[in-house]
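A.B. asks: Just run-v2.cif, nothing more (mmCIF, C-alpha atoms and all ligand atoms):
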```cif
data_entry
#
loop_
_atom_site.label_atom_id
_atom_site.label_comp_id
_atom_site.auth_asym_id
_atom_site.auth_seq_id
_atom_site.Cartn_x
_atom_site.Cartn_y
_atom_site.Cartn_z
CA MET A 225 -14.28 -15.58 32.90
CA VAL A 226 -14.76 -18.82 34.80
CA ALA A 227 -13.08 -19.05 38.18
CA GLN A 228 -10.16 -21.46 38.29
CA LYS A 229 -10.31 -24.11 41.00
CA ASN A 230 -7.66 -25.62 43.16
CA ASN A 231 -8.71 -29.16 44.07
CA ALA A 232 -6.33 -29.56 46.98
CA GLY A 233 -7.90 -30.92 50.14
CA GLN A 234 -11.47 -31.32 48.91
CA GLY A 235 -13.39 -33.67 51.19
CA LYS A 236 -10.31 -35.81 51.79
CA ASN A 237 -10.60 -39.01 53.80
CA GLY A 238 -14.37 -38.77 53.73
CA GLY A 239 -14.08 -36.11 56.48
CA GLN A 240 -15.88 -32.80 56.65
CA ALA A 241 -15.44 -30.80 53.44
CA PRO A 242 -12.96 -27.95 53.89
CA PRO A 243 -14.39 -24.42 53.83
CA LYS A 244 -14.75 -22.84 50.40
CA VAL A 245 -12.63 -19.75 49.91
CA ALA A 246 -13.26 -17.72 46.73
CA ASN A 247 -10.46 -15.30 45.86
CA PHE A 248 -11.16 -12.40 43.50
CA GLU A 249 -8.86 -9.93 41.68
CA VAL A 250 -5.99 -12.39 41.92
CA GLU A 251 -2.90 -12.15 39.71
CA PRO A 252 -1.07 -15.39 38.79
CA TRP A 253 1.77 -14.87 41.30
CA GLN A 254 -0.72 -14.10 44.08
CA ARG A 255 -2.65 -17.24 43.17
CA GLU A 256 0.50 -19.31 43.53
CA CYS A 257 1.22 -17.80 46.91
CA LEU A 258 -2.34 -18.18 48.29
CA ALA A 259 -2.67 -21.71 46.89
CA ALA A 260 0.52 -22.73 48.69
CA ARG A 261 -0.38 -21.16 52.02
CA LEU A 262 -4.07 -22.18 52.12
CA ARG A 263 -3.67 -25.54 50.39
CA ASP A 264 -5.88 -27.44 52.87
CA LEU A 265 -8.92 -25.28 51.95
CA ASP A 266 -11.26 -25.50 48.95
CA LEU A 267 -9.91 -22.60 46.91
CA SER A 268 -11.08 -20.88 43.76
CA PHE A 269 -9.39 -17.96 42.04
CA SER A 270 -10.59 -15.31 39.65
CA PRO A 271 -8.75 -12.37 38.13
CA GLU A 272 -12.06 -10.48 38.05
CA PRO A 273 -13.51 -8.32 40.82
CA LEU A 274 -16.44 -9.63 42.86
CA ASN A 275 -19.64 -7.86 41.83
CA VAL A 276 -23.21 -8.67 40.77
CA GLN A 277 -21.95 -10.04 37.47
CA THR A 278 -19.31 -12.37 38.94
CA VAL A 279 -20.94 -13.39 42.23
CA GLY A 280 -21.85 -16.80 40.79
CA GLN A 281 -18.14 -17.70 40.95
CA ALA A 282 -18.37 -17.55 44.75
CA ALA A 283 -21.40 -19.88 45.03
CA GLY A 284 -21.18 -21.87 48.26
CA ALA A 285 -18.20 -19.87 49.59
CA GLN A 286 -17.88 -19.33 53.33
CA VAL A 287 -14.98 -16.96 52.79
CA VAL A 288 -14.21 -14.49 50.01
CA THR A 289 -11.04 -12.47 49.63
CA VAL A 290 -11.28 -9.35 47.48
CA PHE A 291 -9.38 -6.23 46.52
CA ILE A 292 -10.56 -2.67 45.94
CA ARG A 293 -12.16 -3.05 42.51
CA SER A 294 -14.75 -5.45 43.93
CA GLU A 295 -18.18 -4.04 44.74
CA VAL A 296 -19.44 -6.05 47.67
CA THR A 297 -22.92 -4.57 47.75
CA ARG A 298 -26.01 -5.73 49.61
CA GLN A 299 -27.13 -7.46 46.41
CA VAL A 300 -23.87 -9.41 46.22
CA VAL A 301 -24.00 -10.39 49.90
CA GLU A 302 -27.62 -11.55 49.53
CA GLN A 303 -26.56 -14.00 46.82
CA LEU A 304 -24.00 -15.68 49.08
CA PRO A 305 -26.03 -17.37 51.85
CA ASP A 306 -23.05 -19.36 53.21
CA LEU A 307 -20.72 -16.36 53.44
CA ARG A 308 -19.16 -15.81 56.88
CA LEU A 309 -15.99 -13.82 56.21
CA ILE A 310 -15.00 -11.15 53.71
CA ALA A 311 -11.24 -10.64 53.91
CA THR A 312 -10.32 -7.56 51.92
CA ARG A 313 -6.68 -7.49 50.86
CA SER A 314 -6.59 -3.72 51.40
CA THR A 315 -6.64 -1.17 54.20
CA GLY A 316 -9.72 0.69 52.91
CA TYR A 317 -13.06 -1.15 52.99
CA ASP A 318 -15.40 1.41 51.44
CA HIS A 319 -16.08 -1.10 48.61
CA ILE A 320 -17.95 -3.34 51.08
CA ASP A 321 -21.48 -2.69 52.38
CA LEU A 322 -20.68 -3.07 56.09
CA GLU A 323 -24.31 -2.57 57.15
CA ALA A 324 -25.49 -5.46 54.96
CA CYS A 325 -22.66 -7.61 56.38
CA ARG A 326 -23.50 -6.68 59.97
CA GLU A 327 -27.15 -7.64 59.47
CA ARG A 328 -26.06 -11.06 58.22
CA GLY A 329 -23.36 -11.51 60.89
CA ILE A 330 -20.65 -11.61 58.22
CA VAL A 331 -17.23 -10.65 59.57
CA VAL A 332 -15.17 -8.21 57.49
CA SER A 333 -11.41 -8.09 57.98
CA ASN A 334 -8.80 -5.85 56.37
CA VAL A 335 -5.04 -5.44 56.19
CA PRO A 336 -4.46 -2.46 58.46
CA ARG A 337 -0.69 -2.30 58.01
CA TYR A 338 1.23 -3.28 54.94
CA GLY A 339 2.41 -0.28 53.12
CA GLU A 340 2.20 2.91 55.07
CA ASN A 341 5.77 3.71 53.99
CA THR A 342 4.91 2.44 50.48
CA VAL A 343 2.01 4.88 50.03
CA ALA A 344 4.01 7.71 51.63
CA GLU A 345 6.90 7.09 49.21
CA HIS A 346 4.50 7.24 46.24
CA THR A 347 3.06 10.46 47.66
CA PHE A 348 6.52 11.99 47.37
CA GLY A 349 6.85 10.50 43.90
CA LEU A 350 3.82 12.57 42.91
CA ILE A 351 5.05 15.66 44.77
CA LEU A 352 8.46 15.57 43.06
CA THR A 353 6.95 14.78 39.66
CA LEU A 354 4.74 17.85 39.85
CA THR A 355 7.08 20.31 41.51
CA ARG A 356 10.04 19.42 39.27
CA ARG A 357 7.89 18.84 36.16
CA ILE A 358 9.42 15.40 35.66
CA HIS A 359 6.41 14.16 33.67
CA GLN A 360 6.74 17.04 31.20
CA ALA A 361 10.52 16.63 30.96
CA TYR A 362 10.16 12.90 30.31
CA ILE A 363 7.82 13.42 27.36
CA ARG A 364 10.09 16.10 25.96
CA THR A 365 13.36 14.17 26.19
CA SER A 366 11.69 11.06 24.76
CA ARG A 367 11.14 13.19 21.64
CA GLY A 368 14.78 14.24 21.60
CA ASP A 369 14.12 17.75 22.94
CA PHE A 370 16.53 18.63 25.76
CA SER A 371 15.57 22.30 26.18
CA LEU A 372 14.72 23.62 29.65
CA ARG A 373 12.01 26.01 28.48
CA GLY A 374 9.02 25.91 30.88
CA LEU A 375 10.58 23.23 33.08
CA GLU A 376 11.59 25.41 36.03
CA GLY A 377 10.52 23.75 39.30
CA ILE A 378 10.41 24.69 42.97
CA ASP A 379 12.43 23.56 45.99
CA LEU A 380 10.79 21.57 48.77
CA LEU A 381 13.31 22.79 51.37
CA GLY A 382 11.60 25.40 53.53
CA ARG A 383 8.16 24.88 51.95
CA THR A 384 5.11 24.06 54.05
CA LEU A 385 3.47 20.67 53.68
CA GLY A 386 -0.10 20.29 54.93
CA VAL A 387 -1.03 16.74 55.88
CA VAL A 388 -4.75 16.01 56.24
CA GLY A 389 -5.07 12.79 58.24
CA VAL A 390 -1.98 11.92 60.24
CA GLY A 391 -2.54 8.21 60.74
CA ARG A 392 -0.23 5.41 59.70
CA ILE A 393 0.44 6.75 56.19
CA GLY A 394 0.32 10.43 57.16
CA LEU A 395 3.03 9.91 59.80
CA HIS A 396 5.39 8.38 57.22
CA VAL A 397 4.67 11.36 54.95
CA VAL A 398 5.66 13.68 57.81
CA ARG A 399 8.85 11.69 58.41
CA ILE A 400 9.87 11.93 54.75
CA ALA A 401 8.94 15.63 54.55
CA LYS A 402 11.20 16.40 57.49
CA GLY A 403 14.03 14.74 55.56
CA PHE A 404 13.44 17.27 52.77
CA GLY A 405 13.63 20.11 55.30
CA MET A 406 9.96 21.01 55.00
CA ARG A 407 7.79 22.66 57.65
CA VAL A 408 4.86 20.35 58.35
CA ILE A 409 1.41 21.35 59.59
CA ALA A 410 -1.40 18.85 59.94
CA PHE A 411 -5.06 18.34 60.60
CA ASP A 412 -6.61 15.26 62.16
CA VAL A 413 -9.76 14.64 64.18
CA ALA A 414 -7.61 12.70 66.68
CA ARG A 415 -4.40 14.37 67.85
CA GLN A 416 -1.24 12.64 69.04
CA PRO A 417 0.71 15.50 70.66
CA LEU A 418 3.68 13.38 71.73
CA ILE A 419 4.23 12.05 68.20
CA ALA A 420 3.84 15.58 66.84
CA GLU A 421 6.58 16.77 69.17
CA VAL A 422 8.91 13.89 68.33
CA LEU A 423 8.42 14.18 64.54
CA GLY A 424 8.36 17.98 64.66
CA PHE A 425 5.00 18.93 63.16
CA GLU A 426 2.16 21.13 64.36
CA TYR A 427 -1.59 20.40 64.48
CA VAL A 428 -3.72 23.27 63.17
CA PRO A 429 -7.39 23.51 62.08
CA LEU A 430 -8.18 22.29 58.55
CA ASP A 431 -8.79 25.81 57.23
CA ASP A 432 -5.31 26.86 58.43
CA VAL A 433 -3.71 23.86 56.72
CA LEU A 434 -5.38 24.95 53.49
CA ARG A 435 -4.46 28.63 53.92
CA GLN A 436 -0.79 28.05 54.80
CA ALA A 437 0.39 24.96 52.93
CA ASP A 438 2.31 25.03 49.66
CA ILE A 439 1.38 21.38 49.18
CA VAL A 440 -1.67 19.69 50.72
CA THR A 441 -1.70 15.90 50.86
CA LEU A 442 -4.73 13.82 51.84
CA HIS A 443 -4.48 10.72 54.05
CA VAL A 444 -7.92 10.36 55.64
CA PRO A 445 -10.18 7.34 55.07
CA LEU A 446 -13.30 7.70 52.92
CA VAL A 447 -16.14 7.87 55.43
CA PRO A 448 -19.30 10.00 55.35
CA SER A 449 -17.51 12.90 57.09
CA THR A 450 -14.68 12.94 54.52
CA TYR A 451 -16.82 12.54 51.37
CA HIS A 452 -16.00 15.62 49.21
CA LEU A 453 -13.94 17.03 52.08
CA MET A 454 -12.17 19.01 49.37
CA LYS A 455 -15.05 20.98 47.90
CA ARG A 456 -15.18 24.38 46.25
CA ASP A 457 -15.21 26.55 49.39
CA ARG A 458 -12.23 24.63 50.79
CA PHE A 459 -10.26 24.97 47.54
CA ALA A 460 -11.07 28.69 47.71
CA LEU A 461 -9.10 28.88 50.99
CA MET A 462 -5.94 27.38 49.49
CA LYS A 463 -2.79 29.35 48.79
CA ARG A 464 -2.54 30.56 45.20
CA GLY A 465 -0.12 28.35 43.29
CA SER A 466 -0.27 25.47 45.76
CA TYR A 467 -0.51 21.74 44.95
CA LEU A 468 -2.95 19.02 45.96
CA ILE A 469 -1.96 15.38 46.32
CA ASN A 470 -4.53 12.63 46.81
CA THR A 471 -3.42 9.07 47.45
CA ALA A 472 -6.32 8.34 49.83
CA ARG A 473 -9.66 7.85 48.03
CA GLY A 474 -11.09 9.64 44.98
CA ALA A 475 -14.41 10.66 46.53
CA ILE A 476 -12.63 12.72 49.22
CA VAL A 477 -12.20 15.31 46.46
CA ASP A 478 -15.08 16.84 44.49
CA THR A 479 -13.61 16.59 40.99
CA ASP A 480 -15.66 19.50 39.62
CA ALA A 481 -14.32 21.71 42.40
CA LEU A 482 -10.78 20.48 41.70
CA LEU A 483 -11.11 21.39 38.01
CA TRP A 484 -12.41 24.80 39.07
CA ALA A 485 -9.41 25.35 41.38
CA LEU A 486 -7.02 24.39 38.55
CA ASP A 487 -8.81 26.71 36.11
CA GLU A 488 -8.72 29.58 38.61
CA GLY A 489 -4.98 29.13 39.14
CA ILE A 490 -5.50 28.43 42.85
CA LEU A 491 -3.79 25.13 42.26
CA ALA A 492 -0.53 25.00 40.32
CA GLY A 493 -1.08 21.29 39.94
CA ALA A 494 -2.56 18.08 41.30
CA GLY A 495 -1.08 14.64 41.81
CA LEU A 496 -3.77 11.99 41.99
CA ASP A 497 -3.37 8.29 42.58
CA VAL A 498 -7.13 8.06 43.11
CA VAL A 499 -10.02 9.81 41.32
CA GLU A 500 -13.73 9.60 42.00
CA GLY A 501 -15.20 6.91 39.72
CA GLU A 502 -11.72 5.56 38.79
CA GLU A 503 -13.15 2.02 38.63
CA LEU A 504 -15.61 3.12 35.92
CA ALA A 505 -12.99 4.35 33.46
CA ALA A 506 -11.46 0.87 33.40
CA ASP A 507 -14.76 -0.74 32.47
CA GLU A 508 -16.71 1.50 30.12
CA GLU A 509 -18.85 -1.29 28.63
CA ARG A 510 -20.25 -2.29 32.00
CA LEU A 511 -20.76 1.39 32.78
CA LEU A 512 -23.26 1.75 29.96
CA ALA A 513 -25.49 -0.92 31.50
CA MET A 514 -25.31 0.50 35.04
CA PRO A 515 -28.20 2.25 36.75
CA GLY A 516 -27.46 5.99 36.97
CA ALA A 517 -25.13 5.66 33.97
CA GLU A 518 -25.41 9.36 33.10
CA GLU A 519 -23.89 10.63 36.39
CA LYS A 520 -21.23 7.90 36.21
CA MET A 521 -20.36 8.90 32.62
CA LYS A 522 -19.84 12.43 33.88
CA MET A 523 -17.33 11.10 36.42
CA VAL A 524 -15.41 9.37 33.62
CA ILE A 525 -15.49 12.48 31.45
CA ARG A 526 -14.14 14.57 34.34
CA GLN A 527 -11.25 12.11 34.58
CA TYR A 528 -10.49 12.60 30.88
CA VAL A 529 -10.58 16.37 31.39
CA LEU A 530 -8.09 16.00 34.25
CA MET A 531 -5.87 13.70 32.19
CA ARG A 532 -5.53 16.26 29.42
CA ARG A 533 -4.04 18.87 31.76
CA GLU A 534 -0.27 19.26 31.82
CA ASN A 535 -0.27 20.15 35.50
CA VAL A 536 -2.15 17.04 36.60
CA VAL A 537 -0.39 13.73 37.17
CA LEU A 538 -2.59 10.65 37.44
CA THR A 539 -1.42 7.23 38.54
CA PRO A 540 -3.74 4.19 38.47
CA HIS A 541 -4.31 3.63 42.21
CA MET A 542 -0.88 2.10 42.59
CA ALA A 543 0.52 3.84 45.67
CA PHE A 544 0.37 0.56 47.62
CA TYR A 545 1.92 -1.45 44.80
CA SER A 546 5.43 -2.48 45.76
CA ARG A 547 6.71 -6.03 45.97
CA GLU A 548 7.31 -5.76 49.71
CA ALA A 549 3.83 -4.37 50.40
CA GLU A 550 2.15 -7.03 48.25
CA GLU A 551 3.91 -9.78 50.18
CA ARG A 552 2.79 -8.27 53.48
CA ILE A 553 -0.80 -8.04 52.17
CA LEU A 554 -0.95 -11.73 51.29
CA GLU A 555 0.69 -12.74 54.58
CA THR A 556 -1.91 -10.82 56.63
CA THR A 557 -4.81 -12.03 54.46
CA VAL A 558 -3.77 -15.64 55.05
CA GLU A 559 -3.57 -14.90 58.79
CA ASN A 560 -7.02 -13.25 58.66
CA VAL A 561 -8.56 -16.33 57.01
CA ARG A 562 -6.76 -18.74 59.35
CA SER A 563 -7.61 -16.84 62.55
CA PHE A 564 -11.26 -16.55 61.48
CA LEU A 565 -11.53 -20.27 60.79
CA ALA A 566 -9.91 -20.93 64.18
CA GLY A 567 -12.65 -18.84 65.83
CA GLU A 568 -10.33 -15.95 66.78
CA PRO A 569 -10.82 -13.42 63.95
CA GLU A 570 -8.14 -10.76 63.62
CA ASN A 571 -8.10 -7.32 61.98
CA VAL A 572 -11.89 -7.15 62.17
CA VAL A 573 -13.44 -3.94 60.87
CA SER A 574 -17.03 -5.15 61.12
CA GLY A 575 -18.54 -8.15 62.87
CA LYS A 576 -17.42 -9.60 66.16
CA PRO A 577 -13.95 -8.44 67.18
CA LYS A 578 -12.08 -10.12 70.03
CA PRO A 579 -12.95 -8.20 73.22
CA GLU A 580 -9.54 -6.48 73.38
CA GLN A 581 -9.49 -5.63 69.65
CA LYS A 582 -10.65 -2.22 68.52
CA ALA A 583 -12.28 -2.01 65.09
CA ALA A 584 -10.24 0.29 62.80
P1 LIG A 601 -5.26 5.46 59.37
O1 LIG A 601 -6.58 4.97 59.87
O2 LIG A 601 -4.02 4.99 60.04
O3 LIG A 601 -5.22 7.06 59.38
C1 LIG A 601 -6.28 7.86 59.01
C2 LIG A 601 -6.24 9.11 59.84
O4 LIG A 601 -7.30 9.96 59.39
C3 LIG A 601 -6.45 8.88 61.34
O5 LIG A 601 -5.44 9.52 62.07
C4 LIG A 601 -7.84 9.47 61.60
O6 LIG A 601 -7.95 10.04 62.91
C5 LIG A 601 -7.89 10.55 60.53
N1 LIG A 601 -9.26 10.95 60.20
C6 LIG A 601 -10.36 10.18 60.07
N2 LIG A 601 -11.41 10.94 59.73
C7 LIG A 601 -10.96 12.21 59.63
C8 LIG A 601 -11.57 13.46 59.30
N3 LIG A 601 -12.87 13.54 59.03
N4 LIG A 601 -10.79 14.56 59.29
C9 LIG A 601 -9.48 14.49 59.61
N5 LIG A 601 -8.86 13.35 59.94
C10 LIG A 601 -9.59 12.22 59.93
O7 LIG A 601 -5.24 5.09 57.81
P2 LIG A 601 -3.96 4.98 56.87
O8 LIG A 601 -3.41 3.60 56.94
O9 LIG A 601 -3.05 6.12 57.12
O10 LIG A 601 -4.66 5.11 55.44
C11 LIG A 601 -5.37 6.28 55.07
C12 LIG A 601 -6.17 6.00 53.81
O11 LIG A 601 -5.29 5.83 52.72
C13 LIG A 601 -6.95 4.67 53.85
O12 LIG A 601 -8.20 4.81 54.49
C14 LIG A 601 -7.12 4.34 52.39
O13 LIG A 601 -8.34 4.85 51.91
C15 LIG A 601 -5.95 5.09 51.73
N6 LIG A 601 -5.00 4.15 51.12
C16 LIG A 601 -4.69 4.30 49.80
C17 LIG A 601 -3.79 3.44 49.20
C18 LIG A 601 -3.41 3.59 47.75
O14 LIG A 601 -2.86 2.65 47.17
N7 LIG A 601 -3.64 4.73 47.13
C19 LIG A 601 -3.21 2.39 49.95
C20 LIG A 601 -3.54 2.28 51.30
C21 LIG A 601 -4.44 3.15 51.89
#
```
Using structure tokens, write down the structure that the file contains.
Ligand code: NAD

C.D. replies:
Amino acid sequence: MVAQKNNAGQGKNGGQAPPKVANFEVEPWQRECLAARLRDLDLSFSPEPLNVQTVGQAAGAQVVTVFIRSEVTRQVVEQLPDLRLIATRSTGYDHIDLEACRERGIVVSNVPRYGENTVAEHTFGLILTLTRRIHQAYIRTSRGDFSLRGLEGIDLLGRTLGVVGVGRIGLHVVRIAKGFGMRVIAFDVARQPLIAEVLGFEYVPLDDVLRQADIVTLHVPLVPSTYHLMKRDRFALMKRGSYLINTARGAIVDTDALLWALDEGILAGAGLDVVEGEELAADEERLLAMPGAEEKMKMVIRQYVLMRRENVVLTPHMAFYSREAEERILETTVENVRSFLAGEPENVVSGKPKPEQKAA
């Protein structure tokens, strides 16, 4: 699909041409909003993700804004010689090759805060769906069957929630869990004892979280140390009949190991907003042409195997997706573009942060 252009402000008054800003994965309402707030810049919009196939749409761009389905690889970066800023409209930035950007001096900015409560609320949506079998009940009643057979759930009151990664989202999860009367234990590489005391949770080693929790919920970023954090020997530590929730990133969980834990009855269920290779299932045609297609196909097949299970609830990476959060995302992205163009980049995750700013 050809990128749509907004002509506003192009080379007006014979002055210097405004910077080109190519926006990818943009829905019509987002386009309207960005076009209004960045109207003095040379804007283009595309509903497609930025990747090797679509990179031509960003030709000449100094700035690109992307979302999580984009694959900003070294190859993509190499084809954009004028690129100076990649503003991702997300918190996570594992879809961007930071090393390739660093080598080229390209600044990468993110949206560190927009929906920590939003993702935490969805986390509880998944927890309640699974523990009260709402997904099964919904299908049944939609067929006119109002029997209760097999729909018995469990209470959250008094149960133990294990939070892995107590950052911005994890802390909101703790707050909500306390409202349900749950005991909360947590693991994080960086502890905040004062906050733990105020919110009423306890830090314990990861293995203890897995051994003690009735429900384990993941809120760590995807970095090399968290890749397949949930692997077979960690699932083996979990309480029999417990639940796993993942709203962080798919690759934090080894899907084969997850299927094993479900088969073994270690897990009573899993609630997944993210699954390894989720982007592939949405684009099977492109998948066939990809290098390493066989391994990628396996990822997609594992997703189908998960989908068929009654005790697995999948949502399409939508935990962030509320109207309020979306508005905050666009607001911060506009600020990120503006501050970069003014020479004072904000929310920098890679590149040159302001001296007082710590990269996330
Ligand atoms: P955050 O940076 O505030 O918190 C992450 C926490 O994880 C930090 O406290 C950090 O110390 C901890 N951590 C890092 N590495 C760890 C490790 N190896 N073991 C244990 N703890 C570790 O991030 P956040 O805003 O809470 O977001 C968490 C993740 O959620 C994001 O990185 C993103 O991938 C994901 N996310 C998903 C959605 C969605 O729609 N599903 C939306 C936003 C964010």

A.B. asks: Given 6 Å on each side, where is the centre and what are the edge lengths in Å to one decimal of the axis-aligned box enclosing the listed atoms of ligand LIG 601 (chain A), as AutoDock Vina command-line options?

C.D. replies:
```
--center_x -7.9 --center_y 8.4 --center_z 55.0 --size_x 22.0 --size_y 24.3 --size_z 27.8
```

A.B. asks: Which of these residues is nearest to ligand LIG 601 (chain A), using only C-alpha atoms and all ligand atoms: A:Asp507, A:Asp264, A:Glu555, A:Glu502?

C.D. replies: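 Of all the options, A:Glu502 lies closest to ligand LIG 601 (chain A).
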
A.B. asks: Under the rule that only C-alpha atoms are counted, which of A:Arg313, A:His541, A:Arg263, A:Lys522 is the nearest residue to Pro242 in chain A?

C.D. replies: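 Ranked by minimum distance to Pro242 in chain A, first place goes to A:Arg263.
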
A.B. asks: Each residue of chain A with at least one atom at most 8 Å from ligand LIG 601 (chain A) should appear once, together with its nearest atom pair and the corresponding distance in Å (one decimal); atoms considered: all atoms listed in the file; ordering: chain, then increasing residue number; output as a tab-separated table.

C.D. replies:
```
residue	atom	partner	partner_atom	distance
A:Ser314	CA	A:LIG601	C20	6.7
A:Thr315	CA	A:LIG601	C21	5.4
A:Gly316	CA	A:LIG601	O13	4.5
A:Tyr317	CA	A:LIG601	O13	7.7
A:Asp318	CA	A:LIG601	O13	7.9
A:Pro336	CA	A:LIG601	O8	6.3
A:Arg337	CA	A:LIG601	O8	6.6
A:Gly339	CA	A:LIG601	C20	6.7
A:Glu340	CA	A:LIG601	O8	6.0
A:Val343	CA	A:LIG601	C19	5.8
A:Val388	CA	A:LIG601	C9	6.0
A:Gly389	CA	A:LIG601	O4	3.8
A:Val390	CA	A:LIG601	O5	4.6
A:Gly391	CA	A:LIG601	O3	3.2
A:Arg392	CA	A:LIG601	O2	3.8
A:Ile393	CA	A:LIG601	O9	3.7
A:Gly394	CA	A:LIG601	O9	5.5
A:Leu395	CA	A:LIG601	O9	7.6
A:Phe411	CA	A:LIG601	C9	5.9
A:Asp412	CA	A:LIG601	N5	3.7
A:Val413	CA	A:LIG601	N5	4.5
A:Ala414	CA	A:LIG601	O6	4.6
A:Arg415	CA	A:LIG601	O6	7.5
A:Leu430	CA	A:LIG601	C9	8.0
A:His443	CA	A:LIG601	C11	4.6
A:Val444	CA	A:LIG601	O4	3.8
A:Pro445	CA	A:LIG601	O12	3.3
A:Leu446	CA	A:LIG601	O13	5.8
A:Val447	CA	A:LIG601	N2	7.1
A:Ser449	CA	A:LIG601	N3	5.1
A:Thr450	CA	A:LIG601	N3	4.9
A:Leu453	CA	A:LIG601	N3	7.9
A:Asn470	CA	A:LIG601	N7	8.0
A:Thr471	CA	A:LIG601	N7	4.4
A:Ala472	CA	A:LIG601	C15	3.8
A:Arg473	CA	A:LIG601	O13	5.1
A:Asp497	CA	A:LIG601	N7	5.8
A:Val498	CA	A:LIG601	N7	6.3
A:His541	CA	A:LIG601	N7	5.1
A:Met542	CA	A:LIG601	O14	5.0
A:Ala543	CA	A:LIG601	O14	3.9
A:Phe544	CA	A:LIG601	O14	3.9
A:Tyr545	CA	A:LIG601	O14	6.7
A:Ala584	CA	A:LIG601	O1	6.6
```

A.B. asks: Near Met523 in chain A, counting only C-alpha atoms, which residues have an atom at most 10 Å away, once you skip same-chain residues fewer than 6 positions from it, shown as a PyMOL selection string?

C.D. replies: chain A and resi 479-480+499-502+504-505+517+529

A.B. asks: Out of A:Val387, A:Ala475, A:Leu418, A:Met454, which residue has the shortest atom-to-atom distance to Ile439 in chain A when counting only C-alpha atoms?

C.D. replies: A:Val387
